[in-house]
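> Can you read through this structure? Questions will come right after.
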Amino acid sequence: MYIAKDLEQKENMALKVNQSTGKDEVGRAGRCGAAIAGLATLLALAPLQAFPPAPYFTVFGDARDQFGALIPAGSAAVVLYTDAKETSRESLTAVPGADFNYQIRVRIDMLRDSSPSYSSQALVTGKVYTLGIESGGKVYYPIEMASPPSVGSASERRRINLTLGIDRDGDGLPDAWEESQLYQGGIQPGAEGWDLSLINRDGDYDRDGVSNFKEYLAGTYAADAQSTLDLQIKEKMDEAVRLEFYAIYGKSYVLQVSTDLKQWADAAMALKAPGAADAAPSQMSLLATSTGVMSVYVGADPAAASTYYRLVIR
Ligand SMILES: [Ca+2]
Ligand SMILES: [Ca+2]
């Protein structure tokens, strides 16, 4: 009687452990039942102890369209597939100050003997997977998935930026963007189509010192040496400085400040002058919703002999 009661309590605990592993376990009575039986046996043999959840393997980065704009939050999801089946998905985000717009956490299978899998969503380190971007009911496979990645180790964070579009010449740049740059530079397609060999990822077609890939990221023209990122100090006030730059739709901007050109810190940006009646809270990053000159105010340190500013673009 006593033993039976003891087991019943352990079974309840096992059920709790199992429910905590993931929502997909709930409702799968057969698998769930087997898992409970397995755990209950283990618990009866060993001191009462639940397995700690393994740290996640996290894959994160920026998902961009074929012209380099960050894909807006809420309009798409990143889906992780293994063996051609969906394992997990997360909607795109736009978290102020974050340097990524998607993040997927993968449970790592602990591979313990005589225990059921931690979760049907858990994967083994080294398992090959594919990321897709689902939008409007269709799944698009980013250029980077031409070489499918594999799952890293628990607690590891790995950045994989995702780029939509076709990449026939295999240089990592979306062909549609390359064609638009050639067209803007006065090049027309020949009988064989566009000569995509003119623009490569690490090349510098307009020789302005900025690589084609960085121009793709910055939203500047890769075939126009006059088209560069331009950050200017426009106005100095007692407690603030006003800076201007040319913002491109879909790009995220972070302003950094330094007094010695060695240590840089992110600066909060305000769109209105300090003390303005309709001033909104300062932001650590700005997502451009249109293309044009953007004016920002940052706090000034009157004690500093010199202050330097730089812009980080995603
Ligand atoms: Ca290409
Ligand atoms: Ca260039």
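Following the order of the structure tokens, first chain is A, next is B, and so on, with residues numbered from 1 inside each chain and ligands from 1 in the order they appear.
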I want to know what sits within 10 Å of A:Gly136, based on only C-alpha atoms, with residues of the same chain fewer than 3 positions away left out; could you give that as a ChimeraX atom specification?
/A:75-77,139
> Could you give me, as a PyMOL selection string, every polymer residue with an atom at most 8 Å away from an atom of ligand 1, counting only C-alpha atoms and all ligand atoms?
chain A and resi 166-176+178+196+200
> Quick one: which chain A residues come within 8 Å of ligand 2, and what is the nearest atom pair for each with the distance in Å to one decimal, counting only C-alpha atoms and all ligand atoms, rows ordered by chain and ascending number, as a Markdown table?

| residue | atom | partner | partner_atom_place_in_ligand_line | distance |
| --- | --- | --- | --- | --- |
| A:Gly203 | CA | ligand 2 | 1 (Ca) | 7.6 |
| A:Asp204 | CA | ligand 2 | 1 (Ca) | 4.3 |
| A:Tyr205 | CA | ligand 2 | 1 (Ca) | 5.5 |
| A:Asp206 | CA | ligand 2 | 1 (Ca) | 4.8 |
| A:Arg207 | CA | ligand 2 | 1 (Ca) | 5.2 |
| A:Asp208 | CA | ligand 2 | 1 (Ca) | 4.7 |
| A:Gly209 | CA | ligand 2 | 1 (Ca) | 5.7 |
| A:Val210 | CA | ligand 2 | 1 (Ca) | 4.2 |
| A:Ser211 | CA | ligand 2 | 1 (Ca) | 4.8 |
| A:Asn212 | CA | ligand 2 | 1 (Ca) | 5.2 |
| A:Lys214 | CA | ligand 2 | 1 (Ca) | 7.8 |
| A:Glu215 | CA | ligand 2 | 1 (Ca) | 6.3 |
| A:Tyr221 | CA | ligand 2 | 1 (Ca) | 7.5 |
| A:Ala222 | CA | ligand 2 | 1 (Ca) | 4.8 |
| A:Ala223 | CA | ligand 2 | 1 (Ca) | 6.8 |
| A:Asp224 | CA | ligand 2 | 1 (Ca) | 7.4 |
| A:Ala225 | CA | ligand 2 | 1 (Ca) | 6.4 |
> List every residue of stretch 71-270 of chain A that DSSP, applied to the backbone of this structure, assigns to strand (DSSP E), and report them as a PyMOL selection string.
chain A and resi 77-82+85-91+102-106+130-135+138-140+157-159+162-163+231-236+240-247+252-258+265-267
> Excluding A:Gly61 and its own-chain neighbours fewer than 5 positions away, which residues fall within 8 Å of it when counting only C-alpha atoms? Please give them as a list of chain:residue names.
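Residues near the query, excluding close chain neighbours: A:Asp99, A:Phe100, A:Asn101, A:Tyr102, A:Gln103, A:Arg159, A:Ile160, A:Asn161, A:Leu162.
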> Would you give me, as a list of chain:residue names, the residues in stretch 77-297 of chain A that DSSP reads as alpha helix (DSSP H)?
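Those in stretch 77-297 of chain A that DSSP calls alpha helix (DSSP H) are A:Asp175, A:Ala176, A:Trp177, A:Glu178, A:Glu179, A:Ser180, A:Gln181, A:Leu182, A:Tyr183, A:Gln184, A:Asn212, A:Phe213, A:Lys214, A:Glu215, A:Tyr216, A:Leu217, A:Ala218.
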> Just the selected residues (C-alpha atoms), exported as a PDB file, in the first residue's frame, please.

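Written file, result00.pdb:
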ATOM      1  CA  ASP A 175      21.391  38.224 -58.709  1.00  0.00           C
ATOM      2  CA  ALA A 176      18.464  40.685 -58.769  1.00  0.00           C
ATOM      3  CA  TRP A 177      20.546  43.115 -56.691  1.00  0.00           C
ATOM      4  CA  GLU A 178      23.612  42.604 -58.926  1.00  0.00           C
ATOM      5  CA  GLU A 179      21.484  43.301 -62.025  1.00  0.00           C
ATOM      6  CA  SER A 180      20.042  46.447 -60.450  1.00  0.00           C
ATOM      7  CA  GLN A 181      23.571  47.696 -59.696  1.00  0.00           C
ATOM      8  CA  LEU A 182      24.762  47.022 -63.257  1.00  0.00           C
ATOM      9  CA  TYR A 183      21.697  48.762 -64.668  1.00  0.00           C
ATOM     10  CA  GLN A 184      22.271  51.762 -62.405  1.00  0.00           C
ATOM     11  CA  ASN A 212      30.193  45.222 -53.143  1.00  0.00           C
ATOM     12  CA  PHE A 213      28.897  43.135 -50.238  1.00  0.00           C
ATOM     13  CA  LYS A 214      29.200  46.065 -47.817  1.00  0.00           C
ATOM     14  CA  GLU A 215      27.383  48.261 -50.305  1.00  0.00           C
ATOM     15  CA  TYR A 216      24.640  45.635 -50.449  1.00  0.00           C
ATOM     16  CA  LEU A 217      24.400  45.759 -46.635  1.00  0.00           C
ATOM     17  CA  ALA A 218      24.553  49.556 -46.465  1.00  0.00           C
TER      18      ALA A 218
END
> Need to verify the contact set: A:Gly126, 12 Å, only C-alpha atoms, exclusion of same-chain residues closer than 2 positions in sequence. Can you return it as a list in words?
Phe57, Thr82, Ile108, Asp109, Leu123, Val124, Val128, Tyr129, Pro148, Pro149, Ser150, Val151, Gly152, Ser153 and Ala154 of chain A
> Write the residues of the selection above to a file with C-alpha atoms, as a short mmCIF file (atom, residue, chain, number, x, y, z; two decimals), in the first residue's frame.

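File written: again.cif
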data_model
loop_
_atom_site.label_atom_id
_atom_site.label_comp_id
_atom_site.auth_asym_id
_atom_site.auth_seq_id
_atom_site.Cartn_x
_atom_site.Cartn_y
_atom_site.Cartn_z
CA PHE A 57 21.82 25.68 -29.31
CA THR A 82 15.40 18.35 -40.43
CA ILE A 108 19.87 19.46 -27.63
CA ASP A 109 19.21 15.76 -27.15
CA LEU A 123 18.21 17.48 -32.04
CA VAL A 124 21.61 15.89 -31.87
CA VAL A 128 22.13 18.72 -40.65
CA TYR A 129 19.23 21.15 -40.92
CA PRO A 148 23.04 23.22 -45.24
CA PRO A 149 24.45 23.89 -41.75
CA SER A 150 24.56 21.45 -38.86
CA VAL A 151 23.42 21.76 -35.25
CA GLY A 152 26.10 23.05 -32.88
CA SER A 153 26.62 22.24 -29.25
CA ALA A 154 24.43 23.11 -26.27
#
> Could you tell me how far atom CA of A:Ser252 sits from atom CA of A:Ala265, in Å to one decimal place?
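Between atom CA of A:Ala265 and atom CA of A:Ser252 the gap is 16.6 Å.
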> Using only C-alpha atoms, which residues sit within 7 Å of A:Ala69 once same-chain residues fewer than 6 positions away are excluded, as a list in words?
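That gives Tyr249, Gly250 and Lys251 of chain A.
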> Please save N, CA and C atoms of the selected residues as a compact mmCIF listing (two decimals), in the first residue's frame.

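As a result, selection23.txt now contains:
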# COMPACT_ATOMS: atom_id res chain seq x y z
N TYR A 249 15.47 52.65 -46.74
CA TYR A 249 14.35 51.82 -46.28
C TYR A 249 14.81 50.40 -45.91
N GLY A 250 14.35 49.95 -44.76
CA GLY A 250 14.61 48.56 -44.35
C GLY A 250 15.94 48.36 -43.65
N LYS A 251 16.74 49.42 -43.52
CA LYS A 251 18.03 49.29 -42.83
C LYS A 251 17.86 49.71 -41.37
> Compile the contact shell of stretch 293-306 of chain A as an NGL selection string: residues with an atom at most 6 Å away, counting only C-alpha atoms, same-chain residues fewer than 6 positions apart removed.
:A and (239-247 or 259 or 269-271)
> I need the chosen residues saved as a PDB file, in the first residue's frame, with C-alpha atoms.

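File again04.pdb, as written:
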ATOM      1  CA  GLU A 239      23.613  69.329 -24.205  1.00  0.00           C
ATOM      2  CA  ALA A 240      23.188  67.624 -27.569  1.00  0.00           C
ATOM      3  CA  VAL A 241      24.596  67.205 -31.064  1.00  0.00           C
ATOM      4  CA  ARG A 242      22.492  66.855 -34.202  1.00  0.00           C
ATOM      5  CA  LEU A 243      23.759  64.471 -36.861  1.00  0.00           C
ATOM      6  CA  GLU A 244      22.435  63.657 -40.302  1.00  0.00           C
ATOM      7  CA  PHE A 245      22.754  60.638 -42.543  1.00  0.00           C
ATOM      8  CA  TYR A 246      20.984  59.270 -45.583  1.00  0.00           C
ATOM      9  CA  ALA A 247      18.772  56.431 -44.387  1.00  0.00           C
ATOM     10  CA  THR A 259      36.289  59.977 -27.232  1.00  0.00           C
ATOM     11  CA  MET A 269      19.186  58.713 -30.544  1.00  0.00           C
ATOM     12  CA  ALA A 270      16.288  61.142 -30.353  1.00  0.00           C
ATOM     13  CA  LEU A 271      14.374  62.350 -33.386  1.00  0.00           C
TER      14      LEU A 271
END
